[in-house]
Every structure is written in structure tokens, then in C-alpha cells.
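Asker: A single structure is presented below for examination.
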Amino acid sequence: MRQSYLFTSESVSEGHPDKVSDQISDSIVDLFLSKDPEARIACETLTTTQLVVLAGEIRCKGVYENGEWAPGAQDEIERAVRNTVKEIGYEQDGFHWEKFEFINRLHGQSEHIAQGVDASGNKDEGAGDQGIMFGYAADDTPDLMPATLYYSHKILERMAADRHSGAAPFLEPDAKSQVTLRYEGSKPVAATAIVVSTQHGKGYDEGEKEAELHAYVKQVVADILPAALLSDATEYHINPTGSFEIGGPDGDAGLTGRKIIVDTYGGAAPHGGGAFSGKDPTKVDRSAAYITRYLAKNIVAAGLAQRCTIQLAYAIGVSKPLSLYVDTHGTGTVGDDKIEAAIMGIDKLGGLTPRAIRTHLGLNKPIYRKTAAYGHFGRTPEGDFFPWERTDLAADLKAALA
């Protein structure tokens with residue numbers, strides 16, 4: 001491992017066009033799961049100037065059965081979509097929650113996919129797709145996340161809170177951040193560069209108003225990052241293009257699933273390639289990524305390693321994972337193979353089958369809209385939300401490896 005290096009991660013705000021699409025898709029997941037905990041959803045969203053399009057496959061009791069929509073179901077879907085955009089804050093000429101054209105092209109789930117996933121006879125429920133999923137944790141921050149991504153998210157969360165409260169009325173919904181830190185060994189020691197691009201009100205690209213915007217962003221950064229990481233040598237790039245009045249889906253088309261590195265670990269860990277938003281938890285792209293984060297976080301929380309990467313692999317229609325791989329990057333207190341064996345031996349994890357994962361984490365619930373901005377990981381578990389961020393497996397792991 002290199003002893004001195006720079007590393008960078010980025011985040012995007014809830015108003016970024018791709019994140020608007022993610023949140024719409026997950027609002028549909030939540031809507032259907034609230035009607036039917038066993039619903040099947042694969043919802044993709046396109047957003048562009050005054051247009052939102054849904055496409056994908058669904059199956060949901062009381063909403064869409066036997067190729068037919070229940071009375072009022074499509075109106076309820078449209079209300080959920082418009083309310084999501086309203087809550088984000090889009091009331092602009094190019095994208096307004098009341099005025100955009102809405103097209104719903106959701107249709108029934110393929111019978112051939114369904115027969116592989118559904119349990120029947122002696123066949124256990126299978127994975128909703130093939131693929132590889134990764135989880136990661138590191139002791140950079142209290143949330144056991146890479147510091148570069150953690151601070152990138154926090155900067156934009158703070159700006160969004162100020163926009164919604166009226167404390168920063170010059171901000172508009174679309175924004176991006178990027179944090180570069182210098183590491184010595186495995187620990188961040190200095191912020192070398194901060195990039196923030198934010199959509200803004202008219203006139204905040206010149207003169208005193210521009211200076212006000214820049215001063216505001218620097219104060220947010222100072223409030224979020226530890227003082228020890230900032231210095232006169234820290235470079236700031238605030239709205240480096242000069243103007244950012246046109247943003248969101250009016251400025252750039254958005255699609256579900258295009259921010260998979262923002263959603264996960266900011267490039268600090270591998271990614272299997274599958275997006276999360278718009279998918280019910282039978283899709284292991286989502287549920288297995290959540291359980292691998294849960295396992296990696298608990299391994300680090302238990303003091304068994306400073307960093308941990310975990311991979312799972314599945315085949316569509318097959319319940320048992322094809323492989324489990326643990327890598328503690330030379331920081332483990334026991335062998336990685338012993339940790340693998342311990343995980344598979346913990347009864348409550350049920351051999352990491354898709355149904356066991358959903359049961360252990362309680363994933364068949366409408367909990368997903370909150371995940372679709374500012375990262376799926378490193379969030380505070382509250383009630384049913386973000387259960388994969390709990391550290392309640394640490395004692396089991398310690399006992400299994402004692």
C-alpha cells in the first residue's frame with residue numbers, strides 16, 4: 001500500500017438530473033411495496049426538459065395483475081412522480097413539477113424471469129439476476145466510509161438543507177461536489193482541492209452576488225471538513241464554468257442508475273456494475289450490495305480489520321451464492337478465509353440466499369426513496385431505514401472467531 005497519495009471522490013445533489021431519475025424510480029418502488037411486500041419492480045426513469053418517462057417491468061397485487069392496471073393506479077403513480085419532483089424543489093421554466101409531460105410505459109414482468117425467481121415446489125426462491133456485488137468499509141470516518149466521499153456528500157446535504165430552509169435562497173436544486181484528500185498511510189491528512197458547482201439564481205455569477213455565493217460555499221466546507229484538513233494551500237473551484245443558471249433535467253437529461261459510484265464508495269472499492277434505484281429487493285444488484293456493506297461494516301466495527309472489501313456472486317434463479325470473497329487489505333486481525341467461514345456459519349444470515357438477506361435486513365418495505373440521494377451507505381439507521389448500516393452483527397463475528 002502506498003504511504004502518500006491523493007484520492008478524490010465526487011457527489012451529486014438530489015436535484016442532479018440522474019438523481020431526480022433515481023428518486024422517481026425509488027418512489028415507484030416504495031409505492032408498490034406499500035401495496036404488496038412481494039411486488040416485483042424494475043423501474044427506469046428518463047428526465048429531460050418538461051418530460052418524465054417511466055419504463056420497465058412490474059408485478060404488484062392490487063395494482064397491476066394479469067396485464068391490467070387497477071382503477072386509479074396510474075393516477076397514483078403520476079402523483080407519486082410529481083410529488084417527488086415537487087419535494088426536490090423544481091419549479092422552473094424548463095422543469096416544473098406541475099407542468100412536465102408524464103409518460104408511463106411500465107408493463108408486466110416477464111414470465112420467464114418470474115419462473116426463475118419465484119419459489120415453487122422444492123425450489124427455493126432464486127436471485128433476480130446474475131451478477132457480482134461488492135461491499136466496503138474503512139475506518140476513515142465514524143460512519144466507516146471513505147472520507148473523500150463522506151465529505152462530498154455532507155457538503156451537498158448541508159447546501160440542500162439551507163436551500164429548503166431558505167437560509168441560502170440563491171441556491172437551486174442541481175449541484176455537484178468533489179473532494180481531494182492527501183493520505184499518509186491509510187489516514188487522510190489534508191484537503192488539497194474542493195470543487196463545488198451549484199445551480200444558482202439569476203445574477204449570482206458576477207460581482208457582489210458571485211462573491212456572496214463563493215463565501216457561502218467556503219463556509220459550508222469549513223463547517224463540514226475537520227479544520228485540521230483545511231489550510232491556505234487548499235484549492236477551491238466554485239462554479240468553475242462561470243455560470244450555472246440552467247440545470248437539472250432542463251440542462252442535461254437524467255437516467256436512473258448512472259451514478260453508481262456516487263451511490264456506493266466513491267471509487268474506493270470495486271463495483272459490480274449493477275445500479276440500485278428502481279429495483280425491488282429480489283434483485284441482488286440491490287439486496288446483495290446492501291448485505292455486503294453490512295458485513296464489511298460489521299467486520300470493521302468489530303475491530304477485525306481497518307478496511308474490508310467483500311464480494312458476492314449469484315446466478316439468476318439460483319438461491320445459493322456462487323462465491324463469497326473477503327479482503328481485509330492486510331489489516332485483518334485474523335485470516336480472511338476464517339472471516340469467510342465465520343460469515344457462512346452464522347445461522348441468522350441463512351447462507352446469504354436472496355430471501356435470507358431480505359428477511360435479515362427487513363428489505364420488503366417502502367424504505368428506498370431516502371436512499372436515492374447522498375449515498376446508499378454511511379447513513380444513519382433509523383427505524384426501518386438503512387438497516388444495512390447497523391452494527392448488530394459485530395458480536396456474532398467476534399464470537400465466531402474467538
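Each chain in the C-alpha cells gets a letter, A, B and so on, in the order shown; residues start at 1 in every chain, and ligands are counted from 1 in the order they appear.
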What lies within 12 Å of Phe100 in chain A using only C-alpha atoms, ignoring chain neighbours under 2 positions off, as an mmCIF file with N, CA and C atoms, in the first residue's frame?

Answerer:
data_model
loop_
_atom_site.group_PDB
_atom_site.id
_atom_site.type_symbol
_atom_site.label_atom_id
_atom_site.label_comp_id
_atom_site.auth_asym_id
_atom_site.auth_seq_id
_atom_site.Cartn_x
_atom_site.Cartn_y
_atom_site.Cartn_z
ATOM 1 N N THR A 47 -35.558 11.643 -17.480
ATOM 2 C CA THR A 47 -35.996 13.023 -17.288
ATOM 3 C C THR A 47 -35.262 13.933 -18.264
ATOM 4 N N THR A 48 -36.011 14.874 -18.840
ATOM 5 C CA THR A 48 -35.410 15.902 -19.682
ATOM 6 C C THR A 48 -36.329 17.117 -19.629
ATOM 7 N N THR A 49 -36.110 18.080 -20.483
ATOM 8 C CA THR A 49 -36.879 19.320 -20.429
ATOM 9 C C THR A 49 -38.381 19.032 -20.443
ATOM 10 N N GLN A 50 -39.052 19.357 -19.345
ATOM 11 C CA GLN A 50 -40.501 19.213 -19.161
ATOM 12 C C GLN A 50 -41.031 17.849 -19.594
ATOM 13 N N LEU A 51 -40.274 16.784 -19.270
ATOM 14 C CA LEU A 51 -40.704 15.436 -19.623
ATOM 15 C C LEU A 51 -40.162 14.431 -18.621
ATOM 16 N N VAL A 52 -41.023 13.510 -18.167
ATOM 17 C CA VAL A 52 -40.622 12.360 -17.362
ATOM 18 C C VAL A 52 -41.245 11.114 -17.990
ATOM 19 N N VAL A 53 -40.412 10.098 -18.236
ATOM 20 C CA VAL A 53 -40.866 8.844 -18.829
ATOM 21 C C VAL A 53 -40.481 7.691 -17.905
ATOM 22 N N GLU A 78 -48.641 8.675 -11.115
ATOM 23 C CA GLU A 78 -48.304 10.025 -11.555
ATOM 24 C C GLU A 78 -48.207 10.988 -10.376
ATOM 25 N N VAL A 81 -44.859 10.527 -8.716
ATOM 26 C CA VAL A 81 -43.776 11.116 -9.507
ATOM 27 C C VAL A 81 -43.748 12.626 -9.340
ATOM 28 N N ARG A 82 -44.896 13.269 -9.477
ATOM 29 C CA ARG A 82 -44.937 14.729 -9.366
ATOM 30 C C ARG A 82 -44.585 15.197 -7.950
ATOM 31 N N VAL A 85 -40.768 15.197 -7.501
ATOM 32 C CA VAL A 85 -40.124 16.351 -8.136
ATOM 33 C C VAL A 85 -40.424 17.631 -7.345
ATOM 34 N N LYS A 86 -41.635 17.755 -6.836
ATOM 35 C CA LYS A 86 -42.002 18.922 -6.023
ATOM 36 C C LYS A 86 -41.146 18.998 -4.768
ATOM 37 N N TYR A 90 -38.246 21.534 -7.844
ATOM 38 C CA TYR A 90 -38.219 22.033 -9.218
ATOM 39 C C TYR A 90 -39.522 22.739 -9.586
ATOM 40 N N GLU A 91 -39.403 24.057 -9.721
ATOM 41 C CA GLU A 91 -40.494 24.907 -10.202
ATOM 42 C C GLU A 91 -39.909 25.913 -11.186
ATOM 43 N N GLN A 92 -39.235 25.386 -12.196
ATOM 44 C CA GLN A 92 -38.516 26.213 -13.157
ATOM 45 C C GLN A 92 -39.190 26.142 -14.526
ATOM 46 N N ASP A 93 -38.868 27.106 -15.367
ATOM 47 C CA ASP A 93 -39.467 27.138 -16.703
ATOM 48 C C ASP A 93 -39.183 25.858 -17.478
ATOM 49 N N GLY A 94 -37.971 25.327 -17.321
ATOM 50 C CA GLY A 94 -37.593 24.139 -18.083
ATOM 51 C C GLY A 94 -37.941 22.829 -17.420
ATOM 52 N N PHE A 95 -38.309 22.873 -16.145
ATOM 53 C CA PHE A 95 -38.687 21.642 -15.434
ATOM 54 C C PHE A 95 -39.491 22.027 -14.204
ATOM 55 N N HIS A 96 -40.796 21.770 -14.253
ATOM 56 C CA HIS A 96 -41.715 22.181 -13.193
ATOM 57 C C HIS A 96 -42.591 20.987 -12.830
ATOM 58 N N TRP A 97 -42.724 20.720 -11.538
ATOM 59 C CA TRP A 97 -43.418 19.512 -11.094
ATOM 60 C C TRP A 97 -44.869 19.435 -11.565
ATOM 61 N N GLU A 98 -45.508 20.572 -11.761
ATOM 62 C CA GLU A 98 -46.894 20.576 -12.210
ATOM 63 C C GLU A 98 -47.035 20.494 -13.729
ATOM 64 N N PHE A 102 -45.924 13.661 -18.635
ATOM 65 C CA PHE A 102 -45.637 12.394 -17.965
ATOM 66 C C PHE A 102 -46.087 11.235 -18.846
ATOM 67 N N ILE A 103 -45.183 10.282 -19.061
ATOM 68 C CA ILE A 103 -45.481 9.090 -19.863
ATOM 69 C C ILE A 103 -45.136 7.857 -19.041
ATOM 70 N N PRO A 249 -32.931 18.546 -15.120
ATOM 71 C CA PRO A 249 -33.274 17.893 -16.383
ATOM 72 C C PRO A 249 -33.388 18.833 -17.571
ATOM 73 N N ASP A 250 -33.554 20.132 -17.310
ATOM 74 C CA ASP A 250 -33.574 21.095 -18.410
ATOM 75 C C ASP A 250 -32.183 21.305 -18.992
#

Asker: Show me a table, sorted first by chain and then by increasing residue number, of the residues of range 247-315 of chain A having an atom at most 12 Å from range 30-42 of chain A, each with its shortest atom pair and the distance in Å to one decimal, counting only C-alpha atoms and written as CSV.

Answerer:
residue,atom,partner,partner_atom,distance
A:Thr256,CA,A:Ala42,CA,10.7
A:Gly257,CA,A:Ala42,CA,11.5
A:Ala275,CA,A:Ala42,CA,10.9
A:Phe276,CA,A:Ala42,CA,9.9
A:Ser277,CA,A:Ala42,CA,8.7
A:Gly278,CA,A:Ala42,CA,5.5
A:Lys279,CA,A:Ala42,CA,4.8
A:Asp280,CA,A:Ile41,CA,5.2
A:Pro281,CA,A:Arg40,CA,8.4
A:Thr282,CA,A:Arg40,CA,7.6
A:Lys283,CA,A:Ala42,CA,8.7
A:Asp285,CA,A:Ala42,CA,11.4
A:Arg286,CA,A:Ala42,CA,11.3

Asker: What parts of range 35-193 of chain A does DSSP call strand (DSSP E)? I'd like the answer as a ChimeraX atom specification.

Answerer: /A:40-48,51-59,64-65,68-69,101-108,131-138,171-184,187-193

Asker: Each residue of range 27-143 of chain A lying at most 12 Å from range 302-311 of chain A should get a row with its shortest atom-to-atom pair and the distance in Å to one decimal, counting only C-alpha atoms; could you produce that, ordered by chain and increasing number, as CSV?

Answerer:
residue,atom,partner,partner_atom,distance
A:Gly131,CA,A:Gln311,CA,10.4
A:Ile132,CA,A:Gln311,CA,6.8
A:Met133,CA,A:Gln311,CA,5.6
A:Phe134,CA,A:Gln311,CA,4.5
A:Gly135,CA,A:Ile310,CA,5.1
A:Tyr136,CA,A:Thr309,CA,4.6
A:Ala137,CA,A:Cys308,CA,5.5
A:Ala138,CA,A:Arg307,CA,4.3
A:Asp139,CA,A:Gln306,CA,5.6
A:Asp140,CA,A:Gln306,CA,8.7
A:Thr141,CA,A:Gln306,CA,11.1

Asker: Write out as a count of residues only all residues of range 13-131 of chain A that backbone DSSP assigns to helix (DSSP H, G or I).

Answerer: 42

Asker: From the options A:Tyr216, A:Phe386, A:Tyr236, A:Tyr5, which residue's atoms come nearest to Ser177 in chain A, counting only C-alpha atoms?

Answerer: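 Ranked by minimum distance to Ser177 in chain A, first place goes to A:Tyr236.
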
Asker: Skipping near chain neighbours, those fewer than 2 positions away, what residues fall within 8 Å of Ala80 in chain A using only C-alpha atoms, listed as an mmCIF file with C-alpha atoms, in the first residue's frame?

Answerer:
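What ended up in part_13.cif:
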data_model
loop_
_atom_site.group_PDB
_atom_site.id
_atom_site.type_symbol
_atom_site.label_atom_id
_atom_site.label_comp_id
_atom_site.auth_asym_id
_atom_site.auth_seq_id
_atom_site.Cartn_x
_atom_site.Cartn_y
_atom_site.Cartn_z
ATOM 1 C CA ILE A 24 -38.563 8.923 -9.035
ATOM 2 C CA SER A 27 -40.681 6.430 -5.213
ATOM 3 C CA ILE A 28 -42.329 3.875 -7.507
ATOM 4 C CA LEU A 31 -45.400 2.863 -3.743
ATOM 5 C CA GLU A 76 -51.494 7.290 -8.124
ATOM 6 C CA ILE A 77 -48.216 6.610 -9.909
ATOM 7 C CA GLU A 78 -48.304 10.025 -11.555
ATOM 8 C CA ARG A 82 -44.937 14.729 -9.366
ATOM 9 C CA ASN A 83 -44.694 14.855 -5.562
ATOM 10 C CA THR A 84 -41.120 13.587 -5.721
#

Asker: To one decimal place in Å, what is the distance between CA of Ser197 in chain A and CA of Asp26 in chain A?

Answerer: 25.5 Å

Asker: Identify, on the basis of only C-alpha atoms, every residue whose closest approach to Ala373 in chain A does not exceed 7 Å; exclude the query and any residue fewer than 5 positions from it along the same chain; express the result as JSON, numbers by chain.

Answerer: {"A": [13, 14, 19]}
